[in-house]
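Source file: final03.cif; contents: mmCIF, C-alpha atoms.
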```
data_protein
#
loop_
_atom_site.label_atom_id
_atom_site.label_comp_id
_atom_site.auth_asym_id
_atom_site.auth_seq_id
_atom_site.Cartn_x
_atom_site.Cartn_y
_atom_site.Cartn_z
CA MET A 1 13.46 -13.51 -7.54
CA ASP A 2 16.27 -12.28 -9.75
CA ASP A 3 13.80 -9.96 -11.50
CA VAL A 4 13.10 -8.19 -8.20
CA ARG A 5 16.78 -7.80 -7.29
CA GLU A 6 17.93 -6.77 -10.76
CA SER A 7 15.14 -4.29 -11.47
CA SER A 8 15.50 -2.75 -7.99
CA ALA A 9 19.23 -2.33 -8.55
CA TRP A 10 18.49 -0.64 -11.87
CA VAL A 11 16.14 1.82 -10.18
CA ALA A 12 18.74 2.57 -7.48
CA SER A 13 21.35 3.37 -10.13
CA HIS A 14 18.97 5.71 -12.03
CA SER A 15 17.09 7.22 -9.09
CA SER A 16 16.28 10.95 -9.03
CA HIS A 17 14.66 11.31 -5.61
CA VAL A 18 16.05 8.53 -3.35
CA LEU A 19 19.71 7.77 -2.73
CA VAL A 20 21.06 4.50 -1.33
CA ASP A 21 23.88 5.73 0.89
CA SER A 22 26.73 3.19 0.83
CA ALA A 23 28.50 4.91 3.72
CA GLY A 24 25.26 4.81 5.70
CA ILE A 25 24.92 1.08 5.05
CA GLU A 26 28.49 0.43 6.22
CA LYS A 27 27.90 2.50 9.36
CA VAL A 28 24.74 0.61 10.26
CA VAL A 29 26.29 -2.78 9.57
CA GLY A 30 29.35 -1.84 11.59
CA SER A 31 27.26 -0.83 14.59
CA ILE A 32 25.04 -3.89 14.88
CA GLY A 33 25.79 -7.33 16.22
CA PRO A 34 23.78 -10.42 15.38
CA ILE A 35 20.36 -9.53 13.95
CA PRO A 36 17.84 -9.72 16.78
CA LYS A 37 15.61 -12.77 16.39
CA VAL A 38 12.03 -11.59 15.95
CA GLU A 39 9.37 -14.28 16.30
CA TRP A 40 6.87 -14.30 13.44
CA ASP A 41 3.82 -13.92 15.71
CA PHE A 42 5.52 -11.82 18.38
CA GLU A 43 2.27 -9.93 19.00
CA GLY A 44 0.06 -13.03 19.24
CA ILE A 45 -2.41 -11.76 16.64
CA HIS A 46 -2.37 -14.54 14.02
CA TYR A 47 -4.37 -17.73 13.62
CA PHE A 48 -2.31 -20.93 13.70
CA ASP A 49 -3.42 -24.56 13.91
CA ASN A 50 -0.40 -26.17 12.20
CA GLY A 51 -2.50 -27.29 9.24
CA PRO A 52 -4.21 -26.35 5.95
CA LEU A 53 -6.60 -23.92 7.63
CA THR A 54 -3.63 -21.76 8.64
CA VAL A 55 -2.52 -21.65 5.00
CA GLN A 56 -6.02 -20.55 3.95
CA TYR A 57 -6.00 -17.88 6.66
CA LEU A 58 -2.58 -16.56 5.60
CA PHE A 59 -3.54 -16.37 1.93
CA VAL A 60 -6.68 -14.40 2.76
CA LEU A 61 -4.71 -12.20 5.13
CA ASP A 62 -2.08 -11.43 2.52
CA ALA A 63 -4.70 -10.79 -0.14
CA LEU A 64 -5.95 -7.97 2.13
CA ASN A 65 -2.60 -6.84 3.53
CA PHE A 66 -2.37 -3.34 2.07
CA CYS A 67 -3.19 0.32 2.58
CA PHE A 68 -4.11 0.98 6.21
CA TRP A 69 -3.20 4.65 6.56
CA PRO A 70 -6.21 6.53 5.00
CA GLY A 71 -8.17 6.11 8.23
CA MET A 72 -5.81 8.57 9.89
CA LEU A 73 -7.23 11.36 7.76
CA CYS A 74 -10.85 10.83 8.71
CA CYS A 75 -10.87 9.43 12.24
CA LEU A 76 -13.30 10.87 14.72
CA PRO A 77 -12.00 12.12 18.07
CA ARG A 78 -10.80 9.20 20.16
CA ASP A 79 -11.41 6.90 17.19
CA LYS A 80 -8.63 4.81 15.70
CA ASP A 81 -7.43 3.97 12.23
CA LEU A 82 -7.36 0.45 10.78
CA ASN A 83 -4.00 -1.23 11.13
CA TYR A 84 -2.45 -4.60 10.37
CA ASP A 85 -3.15 -5.87 13.89
CA ASN A 86 -6.88 -5.21 13.38
CA LEU A 87 -6.80 -7.18 10.13
CA ALA A 88 -4.80 -10.17 11.41
CA SER A 89 -6.63 -10.49 14.72
CA GLY A 90 -10.04 -9.80 13.14
CA LEU A 91 -9.59 -12.55 10.57
CA LYS A 92 -8.30 -14.85 13.32
CA ALA A 93 -11.41 -14.28 15.43
CA ALA A 94 -13.67 -14.80 12.43
CA LEU A 95 -12.02 -18.14 11.66
CA GLN A 96 -12.18 -19.29 15.26
CA ASN A 97 -15.90 -18.52 15.20
CA ASP A 98 -16.56 -20.25 11.87
CA LYS A 99 -14.05 -22.64 10.31
CA SER A 100 -15.74 -22.33 6.89
CA VAL A 101 -15.63 -18.54 6.72
CA PHE A 102 -12.71 -18.52 4.25
CA ASP A 103 -13.94 -21.37 2.08
CA ALA A 104 -13.56 -20.48 -1.59
CA ASP A 105 -17.29 -20.30 -2.26
CA HIS A 106 -17.77 -17.93 0.68
CA LEU A 107 -14.95 -15.67 -0.49
CA GLN A 108 -16.57 -15.31 -3.92
CA LYS A 109 -19.76 -13.92 -2.37
CA ILE A 110 -18.49 -11.72 0.44
CA THR A 111 -19.59 -8.08 0.53
CA GLY A 112 -18.09 -4.95 2.04
CA PRO A 113 -20.47 -4.86 5.00
CA GLN A 114 -19.85 -8.57 5.65
CA LEU A 115 -16.07 -8.05 5.68
CA ARG A 116 -16.48 -5.13 8.07
CA GLU A 117 -18.61 -7.34 10.31
CA LEU A 118 -15.95 -10.08 10.27
CA LEU A 119 -13.31 -7.56 11.28
CA ARG A 120 -15.68 -5.83 13.73
CA TRP A 121 -14.89 -2.57 11.99
CA PRO A 122 -17.44 0.27 12.33
CA ARG A 123 -17.02 2.09 8.99
CA PRO A 124 -15.92 1.50 5.38
CA LEU A 125 -12.44 0.04 5.05
CA PRO A 126 -9.68 1.81 3.11
CA LEU A 127 -10.01 0.74 -0.55
CA GLU A 128 -12.91 -1.49 0.48
CA ASP A 129 -14.15 -2.16 -3.06
CA GLU A 130 -10.68 -3.34 -4.07
CA ARG A 131 -10.43 -5.59 -1.03
CA ILE A 132 -13.73 -7.23 -1.93
CA ARG A 133 -12.68 -7.62 -5.56
CA LEU A 134 -9.47 -9.34 -4.50
CA LEU A 135 -11.28 -11.73 -2.15
CA HIS A 136 -13.63 -12.67 -4.99
CA GLU A 137 -10.60 -13.24 -7.23
CA VAL A 138 -8.92 -15.43 -4.61
CA GLY A 139 -12.07 -17.49 -4.02
CA PHE A 140 -12.75 -17.98 -7.73
CA GLU A 141 -9.22 -19.03 -8.69
CA LEU A 142 -8.71 -21.25 -5.65
CA GLU A 143 -11.91 -23.09 -6.54
CA ARG A 144 -11.09 -23.29 -10.25
CA SER A 145 -7.46 -24.39 -10.02
CA PHE A 146 -6.72 -25.67 -6.51
CA ASP A 147 -9.87 -27.43 -5.30
CA GLY A 148 -10.65 -24.38 -3.16
CA LYS A 149 -7.60 -24.76 -0.94
CA ALA A 150 -4.57 -22.50 -0.60
CA SER A 151 -2.74 -25.51 0.84
CA ASN A 152 -2.96 -27.17 -2.59
CA LEU A 153 -1.45 -24.04 -4.12
CA VAL A 154 1.48 -24.33 -1.70
CA LYS A 155 1.90 -28.07 -2.27
CA SER A 156 2.16 -27.49 -6.03
CA CYS A 157 5.31 -25.37 -5.67
CA GLY A 158 7.55 -28.30 -4.71
CA LYS A 159 9.04 -26.48 -1.70
CA SER A 160 10.31 -23.66 -3.92
CA ALA A 161 9.65 -20.06 -2.82
CA VAL A 162 10.50 -18.81 -6.32
CA LYS A 163 7.98 -21.19 -7.90
CA LEU A 164 5.30 -20.24 -5.37
CA VAL A 165 5.72 -16.52 -6.13
CA ALA A 166 5.42 -17.38 -9.83
CA LEU A 167 2.29 -19.47 -9.23
CA VAL A 168 0.63 -16.79 -7.11
CA THR A 169 1.33 -14.01 -9.59
CA ARG A 170 0.29 -16.18 -12.54
CA HIS A 171 -3.05 -17.25 -11.07
CA PHE A 172 -3.98 -14.17 -9.03
CA PRO A 173 -3.63 -10.86 -10.92
CA GLY A 174 -4.11 -8.85 -7.72
CA PHE A 175 -0.64 -9.99 -6.59
CA ARG A 176 1.15 -8.72 -9.73
CA ASP A 177 3.06 -5.93 -8.06
CA HIS A 178 5.16 -4.33 -10.79
CA SER A 179 5.58 -0.88 -12.32
CA LEU A 180 7.08 0.90 -15.31
CA TYR A 181 9.93 3.21 -14.33
CA LYS A 182 11.78 5.36 -16.88
CA GLY A 183 10.84 2.83 -19.56
CA HIS A 184 12.08 -0.11 -17.46
CA GLN A 185 9.88 -2.83 -15.91
CA VAL A 186 10.29 -3.05 -12.13
CA PHE A 187 9.13 -6.08 -10.13
CA LEU A 188 8.50 -5.95 -6.37
CA TYR A 189 5.87 -8.60 -5.55
CA LYS A 190 5.41 -7.55 -1.94
CA ARG A 191 2.25 -9.50 -1.09
CA ALA A 192 3.28 -12.63 -2.99
CA GLN A 193 6.60 -12.68 -1.14
CA ILE A 194 5.06 -11.94 2.25
CA PHE A 195 2.81 -14.98 1.79
CA ILE A 196 5.98 -17.10 1.56
CA ALA A 197 7.50 -15.26 4.53
CA ASP A 198 4.35 -15.80 6.59
CA LEU A 199 4.28 -19.51 5.78
CA TRP A 200 7.97 -19.85 6.63
CA GLY A 201 7.56 -17.93 9.87
CA ALA A 202 4.31 -19.56 10.99
CA PHE A 203 5.41 -23.14 10.31
CA LYS A 204 9.02 -22.43 11.39
CA GLY A 205 10.43 -23.62 8.08
CA GLN A 206 8.65 -26.99 8.27
CA SER A 207 5.60 -28.53 6.60
CA TYR A 208 3.81 -25.85 4.54
CA GLY A 209 6.59 -23.43 5.45
CA GLU A 210 9.48 -25.49 4.13
CA PHE A 211 11.22 -23.86 1.17
CA ASN A 212 14.56 -25.06 -0.14
CA ASP A 213 15.27 -21.59 -1.55
CA ILE A 214 13.97 -19.27 1.19
CA GLY A 215 17.13 -17.22 0.69
CA SER A 216 15.79 -16.12 -2.69
CA ILE A 217 13.10 -13.95 -1.10
CA THR A 218 13.82 -10.22 -0.82
CA ILE A 219 12.38 -7.77 1.66
CA MET A 220 8.73 -6.82 1.27
CA ALA A 221 8.81 -3.19 0.13
CA ASP A 222 6.05 -1.33 1.96
CA TYR A 223 5.52 1.95 3.86
CA ILE A 224 7.43 1.09 7.02
CA VAL A 225 10.77 -0.27 5.79
CA PRO A 226 11.74 2.78 3.67
CA ALA A 227 11.01 5.06 6.62
CA VAL A 228 13.14 2.93 8.96
CA LEU A 229 15.99 2.86 6.43
CA ARG A 230 15.83 6.64 6.15
CA GLN A 231 15.92 6.93 9.93
CA LEU A 232 19.03 4.71 9.98
CA GLY A 233 20.75 6.86 7.35
CA VAL A 234 20.68 4.13 4.72
CA LEU A 235 18.30 6.03 2.43
CA ARG A 236 18.41 9.75 1.70
CA TYR A 237 15.56 11.69 0.11
CA SER A 238 15.54 14.77 -2.09
CA SER A 239 14.28 17.87 -0.30
CA THR A 240 11.10 17.83 -2.40
CA LEU A 241 10.31 14.21 -1.53
CA ALA A 242 11.13 14.76 2.14
CA SER A 243 8.77 17.75 2.26
CA THR A 244 6.00 15.75 0.60
CA ILE A 245 6.28 12.97 3.15
CA GLU A 246 6.54 15.35 6.11
CA ALA A 247 3.39 17.14 4.91
CA ASN A 248 1.52 13.81 4.77
CA SER A 249 0.75 14.48 1.11
CA GLU A 250 -0.13 11.58 -1.14
CA ILE A 251 2.38 10.19 -3.62
CA CYS A 252 0.83 8.70 -6.75
CA PRO A 253 1.19 4.94 -7.27
CA GLY A 254 3.64 4.21 -10.07
CA SER A 255 5.25 7.64 -9.86
CA GLU A 256 9.04 7.92 -9.93
CA GLU A 257 9.10 8.83 -6.25
CA GLU A 258 6.96 5.88 -5.18
CA VAL A 259 8.86 3.31 -7.24
CA GLU A 260 12.18 4.67 -6.01
CA LEU A 261 11.13 4.50 -2.35
CA ARG A 262 10.28 0.83 -2.66
CA ALA A 263 12.93 -0.38 -5.11
CA CYS A 264 15.77 1.47 -3.38
CA SER A 265 14.68 -0.14 -0.10
CA VAL A 266 14.97 -3.60 -1.65
CA HIS A 267 18.40 -2.79 -3.10
CA ALA A 268 19.66 -1.21 0.13
CA VAL A 269 18.68 -4.19 2.26
CA GLU A 270 20.29 -6.57 -0.23
CA LYS A 271 23.54 -4.62 0.23
CA MET A 272 23.07 -4.71 4.01
CA ARG A 273 22.46 -8.46 3.89
CA GLU A 274 25.66 -9.06 1.92
CA LEU A 275 27.77 -7.04 4.37
CA ILE A 276 26.15 -8.54 7.47
CA SER A 277 26.66 -12.05 6.09
CA MET A 278 30.33 -11.28 5.51
CA LYS A 279 30.67 -9.78 8.99
CA LEU A 280 29.01 -12.73 10.74
CA GLY A 281 30.59 -15.36 8.53
CA LYS A 282 27.25 -16.98 7.77
CA PRO A 283 24.30 -16.31 5.46
CA VAL A 284 21.63 -13.86 6.62
CA LEU A 285 18.16 -14.00 5.08
CA SER A 286 16.45 -10.92 3.67
CA VAL A 287 13.22 -12.17 5.21
CA GLU A 288 14.84 -11.98 8.66
CA LEU A 289 16.07 -8.44 8.02
CA ASP A 290 12.61 -7.46 6.80
CA LEU A 291 10.91 -8.69 9.98
CA TRP A 292 13.51 -6.94 12.15
CA LEU A 293 13.16 -3.62 10.28
CA TRP A 294 9.37 -3.81 10.17
CA ALA A 295 9.08 -4.69 13.87
CA SER A 296 11.38 -1.77 14.71
CA GLY A 297 9.29 0.58 12.61
CA ILE A 298 5.88 -0.26 14.01
CA GLN A 299 7.18 0.31 17.52
CA CYS A 300 8.29 3.86 16.65
CA SER A 301 5.22 6.10 16.98
CA SER A 302 7.01 9.13 15.50
CA LEU A 303 8.01 7.34 12.27
CA GLN A 304 6.76 9.22 9.20
CA HIS A 305 6.10 7.11 6.12
CA HIS A 306 5.02 7.96 2.60
CA ARG A 307 1.36 7.73 1.65
CA THR A 308 0.27 5.99 -1.54
CA LEU A 309 -3.14 4.48 -2.24
CA SER A 310 -2.20 1.06 -3.58
CA ILE A 311 -3.47 -2.50 -3.46
CA TYR A 312 0.09 -3.82 -3.46
CA TYR A 313 1.19 -2.74 0.06
#
```

What do you get writing this file as structure tokens?
Amino acid sequence: MDDVRESSAWVASHSSHVLVDSAGIEKVVGSIGPIPKVEWDFEGIHYFDNGPLTVQYLFVLDALNFCFWPGMLCCLPRDKDLNYDNLASGLKAALQNDKSVFDADHLQKITGPQLRELLRWPRPLPLEDERIRLLHEVGFELERSFDGKASNLVKSCGKSAVKLVALVTRHFPGFRDHSLYKGHQVFLYKRAQIFIADLWGAFKGQSYGEFNDIGSITIMADYIVPAVLRQLGVLRYSSTLASTIEANSEICPGSEEEVELRACSVHAVEKMRELISMKLGKPVLSVELDLWLWASGIQCSSLQHHRTLSIYY
């Protein structure tokens, strides 16, 4: 994952709209003790059977794990917007009802209305056409290259998180989360990395979740983590960017502002991880910091995040 770390650091050093505040990082690190241990399924919303079906579930989940916020703009009174909990628990219920629902041949044929029915969702999903396209892609490539099973994809990585990210992004174009920023290629790979993080968390570092290089994974740059880092004083925004976010205005995917929000978050947490590891006298994983920051963010109802229509997060 050197490409992610190095390109994120480059963005942070050339950023026009987002500042990584070194003093803010030191203040946060100085004020915290051991990182609170957050259980992977602390909300009880995920499917887990300790076997290959869990791997299939997680790969489908992470193929769809993006862009929940547009529902907020069109909800009816007393209606709710789609969120990650709806997705994870909806897919869990669908799998408990039919163990073949995520078979590769089924994924290649699924339609928008069928996905809504699986999730028990009453109206079109955000970026529904893209979600269907990605499920078709997953089903096709799993069948073509991995005998239809995500567990075979995981087995082929030889317990290497870096190799699994490379395999996922090589075989599944929908996971190729990178951008061009000021003439420089930036790699973030949020959904490919969160697949590794989910496997590691679900299987508690054993079996399909055993990776000899789990420390190579960075945080998964999304909507929530940048907002939490700003709240902590680790990130600072230009007045223009802050006004855009506070007005709930959309930020274009691939724009300088959007790339900076995500890449500066990765770089900032890497700096936090280094300082926390030094303070505690033992290595701290970025994946642990990511889960802690994300869990903190989703429990803060007043948190304002940026809004970008993207299939990558």

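Atom CA of Val38 of chain A lies 6.2 Å from atom CA of Trp292 of chain A.
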
Discussion item. Rounded to one decimal, what separation in Å do you get between atom CA of Ala263 of chain A and atom CA of Ile196 of chain A?
Written reply: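 A separation of 19.3 Å between them.
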
Fill in: From A:Phe66, A:Phe42, A:Phe203, A:Phe195, residue lying nearest Ala150 of chain A [only C-alpha atoms]
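Comparing A:Phe66, A:Phe42, A:Phe203, A:Phe195 against Ala150 of chain A, the winner is A:Phe195.
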
Worksheet, complete the sentence: In terms of only C-alpha atoms, the residue from A:Ile311, A:Leu164, A:Leu19, A:Ala227 at minimal distance from Ile132 of chain A is A:Ile311

Worksheet item: Leaving out Glu257 of chain A and any residue of its chain fewer than 6 positions from it, which residues lie within 9 Å of it when counting only C-alpha atoms, given as a VMD selection string?
Response: chain A and resid 15 to 18 241 251

Discussion item. Please determine, counting all atoms listed in the file, which residue among A:Asn83, A:Thr218, A:Ser179, A:Thr244 has the shortest atom-to-atom distance to Glu288 of chain A.
Written reply: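 Checking each of A:Asn83, A:Thr218, A:Ser179, A:Thr244 against Glu288 of chain A, counting all atoms listed in the file, the winner is A:Thr218.
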
Please expand the PyMOL selection byres ((chain A and resi 46) around 6) into the concrete residues it hits in this file, giving the result as a PDB file with C-alpha atoms, keeping the file's coordinate frame.
```
ATOM      1  CA  GLY A  44       0.060 -13.030  19.240  1.00  0.00           C
ATOM      2  CA  ILE A  45      -2.410 -11.760  16.640  1.00  0.00           C
ATOM      3  CA  TYR A  47      -4.370 -17.730  13.620  1.00  0.00           C
ATOM      4  CA  ALA A  88      -4.800 -10.170  11.410  1.00  0.00           C
ATOM      5  CA  SER A  89      -6.630 -10.490  14.720  1.00  0.00           C
ATOM      6  CA  LYS A  92      -8.300 -14.850  13.320  1.00  0.00           C
TER       7      LYS A  92
END
```

Item to complete: List, as a list of chain:residue names, every residue that the PyMOL selection byres ((chain A and resi 3) around 12) selects in the file provided.
Response: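 Checking the PyMOL selection byres ((chain A and resi 3) around 12) against this file, the residues are A:Met1, A:Asp2, A:Val4, A:Arg5, A:Glu6, A:Ser7, A:Ser8, A:Ala9, A:Trp10, A:Val162, A:Val165, A:Ala166, A:Asp177, A:His178, A:His184, A:Gln185, A:Val186, A:Phe187, A:Leu188, A:Tyr189, A:Ser216, A:Ile217, A:Thr218, A:Ala263, A:Val266, A:His267.
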
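Between atom CA of His306 of chain A and atom CA of Arg273 of chain A there is a distance of 24.0 Å.
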
Item to complete: Enumerate, as a ChimeraX atom specification, the residues matched when the PyMOL selection byres ((chain A and resi 255) around 10) is run on the file above.
Response: /A:179-182,251-254,256-260,308

Discussion item. Here's a test: counting all atoms listed in the file, identify every protein, DNA and RNA residue with an atom at most 9 Å from (7.5, 7.5, 7.9) in the file's coordinate frame, and state them as a ChimeraX atom specification.
Written reply: /A:223-228,230-231,245-246,297,302-307

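Proximity ranking of A:Arg116, A:Lys37, A:His171, A:Lys159 relative to Gly90 of chain A places A:Arg116 first, based on only C-alpha atoms.
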
Assuming 8 Å of padding per side, give the centre and edge lengths of the axis-aligned box around every listed atom of segment 300-308 of chain A, in Å to one decimal and as JSON.
```
{"center_x": 4.3, "center_y": 6.5, "center_z": 7.7, "size_x": 24.0, "size_y": 21.4, "size_z": 34.5}
```

Practice prompt. Write out as a list in words which residues come within 8 Å of Ile219 of chain A when counting only C-alpha atoms, dropping same-chain ones fewer than 3 positions away.
Written response: Lys190, Val266, Val269, Ser286, Val287, Leu289 and Asp290 of chain A

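Using only C-alpha atoms, the nearest neighbour of Pro126 of chain A within the list A:Gly215, A:Gly183, A:Gly112, A:Gly201 is A:Gly112.
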